[in-house]
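Visitor: Take a look at the following structure, please.
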Amino acid sequence: MTIAFRDETFRDDYTFRNSPHAIRRFPFPFHEDRYMYAVNIEPHALPGPKGSVVEFAFDVDEHYVSEMRDRELVLRQDPLRCQALPHMMAAQWDLLELIMTSFARDYPEHFSLERDGERWHWVNRPLGIDQRFVFGDALTLPYEPMEYVTRQAQGDWVIVDQRDGNLWMDAGMVTTQADWSLDFDIGMNFFEWHGPVPLAHELGVFERALKYLMQVRVGSPVRRLNWTMTINPLLDTAPERYPVWGPDRTTVTPDNVGHKAHLRVELQSFWRLPRSNALLFPIRCYLIKLEELVTVPKWARRLPRVLKSLPQELVDYKGLTRYRDTAVAWLSRYDDGAPTSPGGGPD
Amino acid sequence: MLVSGIKSRPVYGTLAPNEQARLNIVFADGEGALAVLAMKPAAPTAFWARTHVIYVAGGSAPQGHFAKLQALGTHSCHEAPTIASALPRLKALLGAARMGTQLYLAGTEPLMGEGMRVAGEYGIRHQSIRTEHRGSLARRVQCVHCKGITESVTTNIVPCAHCGLHLLVRDHYSRRVGAFQGVNIDAEAPGQLPKVEEVFK
């Protein structure tokens, strides 16, 4: 199927929208009317349901071209958003191979890859790229392999090294993050980079998640959803730029909340990389306006119930403090009190 | 010893001599000298003869700790006026070090942070370093916005020494940067600051 790529912005005039098709396939993260942390990891069994965001290894959707343009703008402003420690070069090539072979297999009308030994020919039609290079020779690409390929793949990409019974965040391309800094966190282990998360340490969530992730094998990826909210469809909510986007939280009113407030969902997956034995951690961000979300009756009922019952620590940690009540009041108009069916998908 | 629920902050221990080490490098400041001197009963003369000491007295200068360190009979004992001025010497020692070298860090968190960061550049795993916290709780803070470092921070909120934004000092520590993270506190309501309190004395 050919994807109709939208021409839109994630900054300034914020012309980002979801088509009705994109709304239907939105990865709504709440499987019941309340939310608490859990090790909600499941196999990323491929292919997933047809047309869903988990049909293929990595989802390419209508926002692809515009998201890649936004990434380019972020990197021009701040090159520290893409960093790799020196021992991660083998993992960088692993990543390039995984993305290119997956895209060419899953979206042949948009991407193609020809391989003749180490001589590779990559064509990315949506972005107008035609590149011949030698696999393993970084000097034959315009950027290091991770940066090259993740300038052409939606979502953030973190590569973690596995050693000493822990996972170490040693490389990443991070421009669509929910308020965390790769530049500060690079080099940290699993517990360290999750340090600021409230409640979850005490629940033992991270110990269990770490054990699980260290067992992930080549060819058997796993996935989970995470969520927060963002005012305006801003992909780049980096702490570096917080003085610029933080004030947006004060602009929410009962009249504009449906348009300005977005549910922000991360589809996180975890992949063992074959050469380096590193773990790849793609974090794909999906945004949906509340006014788009309430077009699905089940979600319109469930989201206000979830937000209302959220523990205060999570409200504060997720940065919802100033506008949670406004969002709940607006959303509740769409909640007729009827019971909701289990699971996150629309009825 | 520092006690906290901060997951990203290193856990500091108590100094103990590694008698198997062929060479010992001790980097200490202020009351960290007392942690070094406390190894004396457990450390034979031969241990000190294989040991280099770099010491920054700081506010502890009147206590005369450096003279006591000199009396240990170490291979070398150097006093530097500041942490920054001590680093070239530390780097020279680490650069020349062979397998079997043990690094010890004692004193304030900024000193240990800088010591670990530099050691990392020379391929020394942080888990192998022996540490002991003594003295001030003052923090080194990196502004997440401009990336500048503000030294000796004792308050919960501090103006960045580089860009001037008011920073909340978060309980999030980077070993690679050797600093806590500072995030602008009044972005959503400029000029409205919570009470500034001295919390890291």
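Residue numbers start at 1 in each chain; chains themselves are named A, B, ... in the order of the structure tokens; ligands are numbered from 1 in the order shown.
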Using only C-alpha atoms, find which residues of chain B lie within 6 Å of chain A and jot them down as JSON, numbers by chain.

Guide: {"B": [7, 8, 144, 145, 187, 188]}

Visitor: Find the residues around region 18-30 of chain B up to 6 Å (only C-alpha atoms counted), leave out those fewer than 6 positions away in its own chain, and share them as number ranges by chain.

Guide: B: 50-58, 60, 100-107

Visitor: Record the distance separating CA of Arg119 (chain A) and CA of Arg132 (chain A), expressed in Å with one decimal.

Guide: 7.3 Å

Visitor: Can you tell me how far CA of Ile3 (chain A) sits from CA of Leu279 (chain A), in Å to one decimal?

Guide: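 CA of Ile3 (chain A) sits 29.6 Å away from CA of Leu279 (chain A).
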
Visitor: Could you name the residues that touch Ile124 (chain B) at 12 Å or less, counting only C-alpha atoms, but leaving out those on the same chain fewer than 5 positions away, as a list of chain:residue names?

Guide: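 That gives B:Lys91, B:Leu94, B:Gly95, B:Ala97, B:Arg98, B:Met99, B:Gly100, B:Thr101, B:Gln102, B:Leu103, B:Tyr104, B:Gly115, B:Met116, B:Arg117, B:Val118, B:Ala119, B:Ile129, B:Arg130.
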
Visitor: Can you pull out every residue from region 45-279 of chain A that DSSP, working from the backbone, puts in alpha helix (DSSP H), and format the result as an NGL selection string?

Guide: :A and (64-77 or 89-106 or 145-150 or 182-185 or 190-193 or 205-214 or 242-245 or 257-260)

Visitor: Now that the selection is made, can you save its residues with C-alpha atoms as a PDB file, in the first residue's frame?

Guide:
ATOM      1  CA  TYR A  64       7.175  10.153   7.960  1.00  0.00           C
ATOM      2  CA  VAL A  65       8.445  12.858   5.620  1.00  0.00           C
ATOM      3  CA  SER A  66       7.483  15.735   7.912  1.00  0.00           C
ATOM      4  CA  GLU A  67       8.946  14.043  10.999  1.00  0.00           C
ATOM      5  CA  MET A  68      12.251  13.541   9.215  1.00  0.00           C
ATOM      6  CA  ARG A  69      12.283  17.222   8.254  1.00  0.00           C
ATOM      7  CA  ASP A  70      11.664  18.115  11.921  1.00  0.00           C
ATOM      8  CA  ARG A  71      14.577  15.883  13.014  1.00  0.00           C
ATOM      9  CA  GLU A  72      16.860  17.712  10.592  1.00  0.00           C
ATOM     10  CA  LEU A  73      15.835  21.038  12.170  1.00  0.00           C
ATOM     11  CA  VAL A  74      16.500  19.732  15.687  1.00  0.00           C
ATOM     12  CA  LEU A  75      19.959  18.434  14.754  1.00  0.00           C
ATOM     13  CA  ARG A  76      20.913  21.722  13.118  1.00  0.00           C
ATOM     14  CA  GLN A  77      20.012  23.489  16.333  1.00  0.00           C
ATOM     15  CA  MET A  89      30.414   1.164  16.040  1.00  0.00           C
ATOM     16  CA  ALA A  90      29.537  -2.500  15.480  1.00  0.00           C
ATOM     17  CA  ALA A  91      26.100  -1.839  16.977  1.00  0.00           C
ATOM     18  CA  GLN A  92      25.667   1.170  14.683  1.00  0.00           C
ATOM     19  CA  TRP A  93      26.092  -1.103  11.648  1.00  0.00           C
ATOM     20  CA  ASP A  94      23.708  -3.633  13.188  1.00  0.00           C
ATOM     21  CA  LEU A  95      21.123  -0.863  13.453  1.00  0.00           C
ATOM     22  CA  LEU A  96      21.617   0.312   9.888  1.00  0.00           C
ATOM     23  CA  GLU A  97      21.211  -3.206   8.584  1.00  0.00           C
ATOM     24  CA  LEU A  98      18.080  -3.878  10.643  1.00  0.00           C
ATOM     25  CA  ILE A  99      16.324  -0.687   9.531  1.00  0.00           C
ATOM     26  CA  MET A 100      17.262  -0.933   5.868  1.00  0.00           C
ATOM     27  CA  THR A 101      16.360  -4.607   5.457  1.00  0.00           C
ATOM     28  CA  SER A 102      13.092  -4.138   7.393  1.00  0.00           C
ATOM     29  CA  PHE A 103      12.009  -1.047   5.428  1.00  0.00           C
ATOM     30  CA  ALA A 104      12.875  -2.600   2.056  1.00  0.00           C
ATOM     31  CA  ARG A 105      10.994  -5.817   2.942  1.00  0.00           C
ATOM     32  CA  ASP A 106       7.925  -4.168   4.512  1.00  0.00           C
ATOM     33  CA  PRO A 145      25.818   4.656  10.302  1.00  0.00           C
ATOM     34  CA  MET A 146      23.435   5.304  13.208  1.00  0.00           C
ATOM     35  CA  GLU A 147      22.986   8.953  12.334  1.00  0.00           C
ATOM     36  CA  TYR A 148      22.674   8.174   8.626  1.00  0.00           C
ATOM     37  CA  VAL A 149      19.905   5.629   8.974  1.00  0.00           C
ATOM     38  CA  THR A 150      18.001   7.289  11.834  1.00  0.00           C
ATOM     39  CA  LEU A 182      20.532  11.883  25.920  1.00  0.00           C
ATOM     40  CA  ASP A 183      23.505  14.195  26.422  1.00  0.00           C
ATOM     41  CA  PHE A 184      23.132  13.889  30.205  1.00  0.00           C
ATOM     42  CA  ASP A 185      22.096  10.231  30.359  1.00  0.00           C
ATOM     43  CA  PHE A 190      19.409   0.922  33.334  1.00  0.00           C
ATOM     44  CA  PHE A 191      18.717   1.968  36.929  1.00  0.00           C
ATOM     45  CA  GLU A 192      20.615   5.219  36.622  1.00  0.00           C
ATOM     46  CA  TRP A 193      18.815   6.565  33.569  1.00  0.00           C
ATOM     47  CA  VAL A 205       9.411  -2.704  38.069  1.00  0.00           C
ATOM     48  CA  PHE A 206      12.933  -1.953  36.890  1.00  0.00           C
ATOM     49  CA  GLU A 207      14.570  -5.068  38.367  1.00  0.00           C
ATOM     50  CA  ARG A 208      12.013  -7.256  36.617  1.00  0.00           C
ATOM     51  CA  ALA A 209      12.169  -5.314  33.364  1.00  0.00           C
ATOM     52  CA  LEU A 210      15.976  -5.480  33.306  1.00  0.00           C
ATOM     53  CA  LYS A 211      15.980  -9.253  33.839  1.00  0.00           C
ATOM     54  CA  TYR A 212      13.471  -9.656  31.036  1.00  0.00           C
ATOM     55  CA  LEU A 213      15.293  -7.386  28.604  1.00  0.00           C
ATOM     56  CA  MET A 214      18.681  -9.016  29.126  1.00  0.00           C
ATOM     57  CA  TYR A 242      12.201  23.406  28.239  1.00  0.00           C
ATOM     58  CA  PRO A 243      12.339  27.205  28.706  1.00  0.00           C
ATOM     59  CA  VAL A 244      10.914  27.457  25.164  1.00  0.00           C
ATOM     60  CA  TRP A 245       8.103  24.870  25.356  1.00  0.00           C
ATOM     61  CA  VAL A 257      -7.759  22.126  25.358  1.00  0.00           C
ATOM     62  CA  GLY A 258      -9.312  19.760  22.800  1.00  0.00           C
ATOM     63  CA  HIS A 259      -7.079  21.188  20.126  1.00  0.00           C
ATOM     64  CA  LYS A 260      -3.912  21.958  22.111  1.00  0.00           C
TER      65      LYS A 260
END

Visitor: Just the residues within 8 Å of Pro110 (chain B), please, counting only C-alpha atoms, with nothing from its chain fewer than 6 positions along; format it as an NGL selection string.

Guide: :B and (138-140 or 152 or 178-179)

Visitor: Please run DSSP on the backbone and report, as an MDAnalysis selection string, all residues within region 146-323 of chain A that come out as strand (DSSP E or B).

Guide: chainID A and resid 156:163 166:173 178 189 222:231 237 261:272 279:289

Visitor: For Ala178 (chain A), work out the shell of residues within 8 Å, counting only C-alpha atoms and skipping chain neighbours fewer than 3 positions away, then give it as a ChimeraX atom specification.

Guide: /A:228,236-238

Visitor: Can you write just those residues out, all heavy atoms, as a tab-separated table (two decimals), in the first residue's frame?

Guide:
chain	number	residue	atom	x	y	z
A	228	THR	N	2.49	9.92	27.88
A	228	THR	CA	2.43	11.16	28.65
A	228	THR	C	1.51	12.09	27.87
A	228	THR	O	0.76	11.64	27.00
A	228	THR	CB	3.82	11.76	28.90
A	228	THR	OG1	3.68	12.91	29.75
A	228	THR	CG2	4.51	12.18	27.61
A	236	ASP	N	9.73	17.55	19.74
A	236	ASP	CA	11.00	17.76	20.44
A	236	ASP	C	10.79	18.41	21.81
A	236	ASP	O	11.12	19.58	22.01
A	236	ASP	CB	11.92	18.62	19.57
A	236	ASP	CG	13.25	18.90	20.26
A	236	ASP	OD1	13.66	18.06	21.08
A	236	ASP	OD2	13.85	19.95	19.98
A	237	THR	N	10.21	17.65	22.76
A	237	THR	CA	10.12	18.17	24.13
A	237	THR	C	11.36	17.73	24.90
A	237	THR	O	11.30	16.91	25.81
A	237	THR	CB	8.84	17.70	24.84
A	237	THR	OG1	8.70	16.29	24.67
A	237	THR	CG2	7.63	18.38	24.27
A	238	ALA	N	12.50	18.31	24.53
A	238	ALA	CA	13.76	18.02	25.21
A	238	ALA	C	13.92	18.95	26.41
A	238	ALA	O	13.50	20.10	26.34
A	238	ALA	CB	14.93	18.25	24.24

Visitor: In terms of the shortest atom-to-atom distance over only C-alpha atoms, which of A:Arg25, A:Phe30, A:Asp13, A:Lys318 is closest to Lys50 (chain A)?

Guide: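 Looking only at the distances to Lys50 (chain A), the closest residue turns out to be A:Arg25.
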
Visitor: At what distance in Å, to one decimal, does CA of Ala153 (chain A) lie from CA of Phe111 (chain A)?

Guide: 11.5 Å

Visitor: Can you tell me which residues surround Pro311 (chain A) at a distance of at most 12 Å, considering only C-alpha atoms, apart from same-chain residues fewer than 6 positions away, and format the answer as a PyMOL selection string?

Guide: chain A and resi 34-37+198-199+317-318+320-321+324
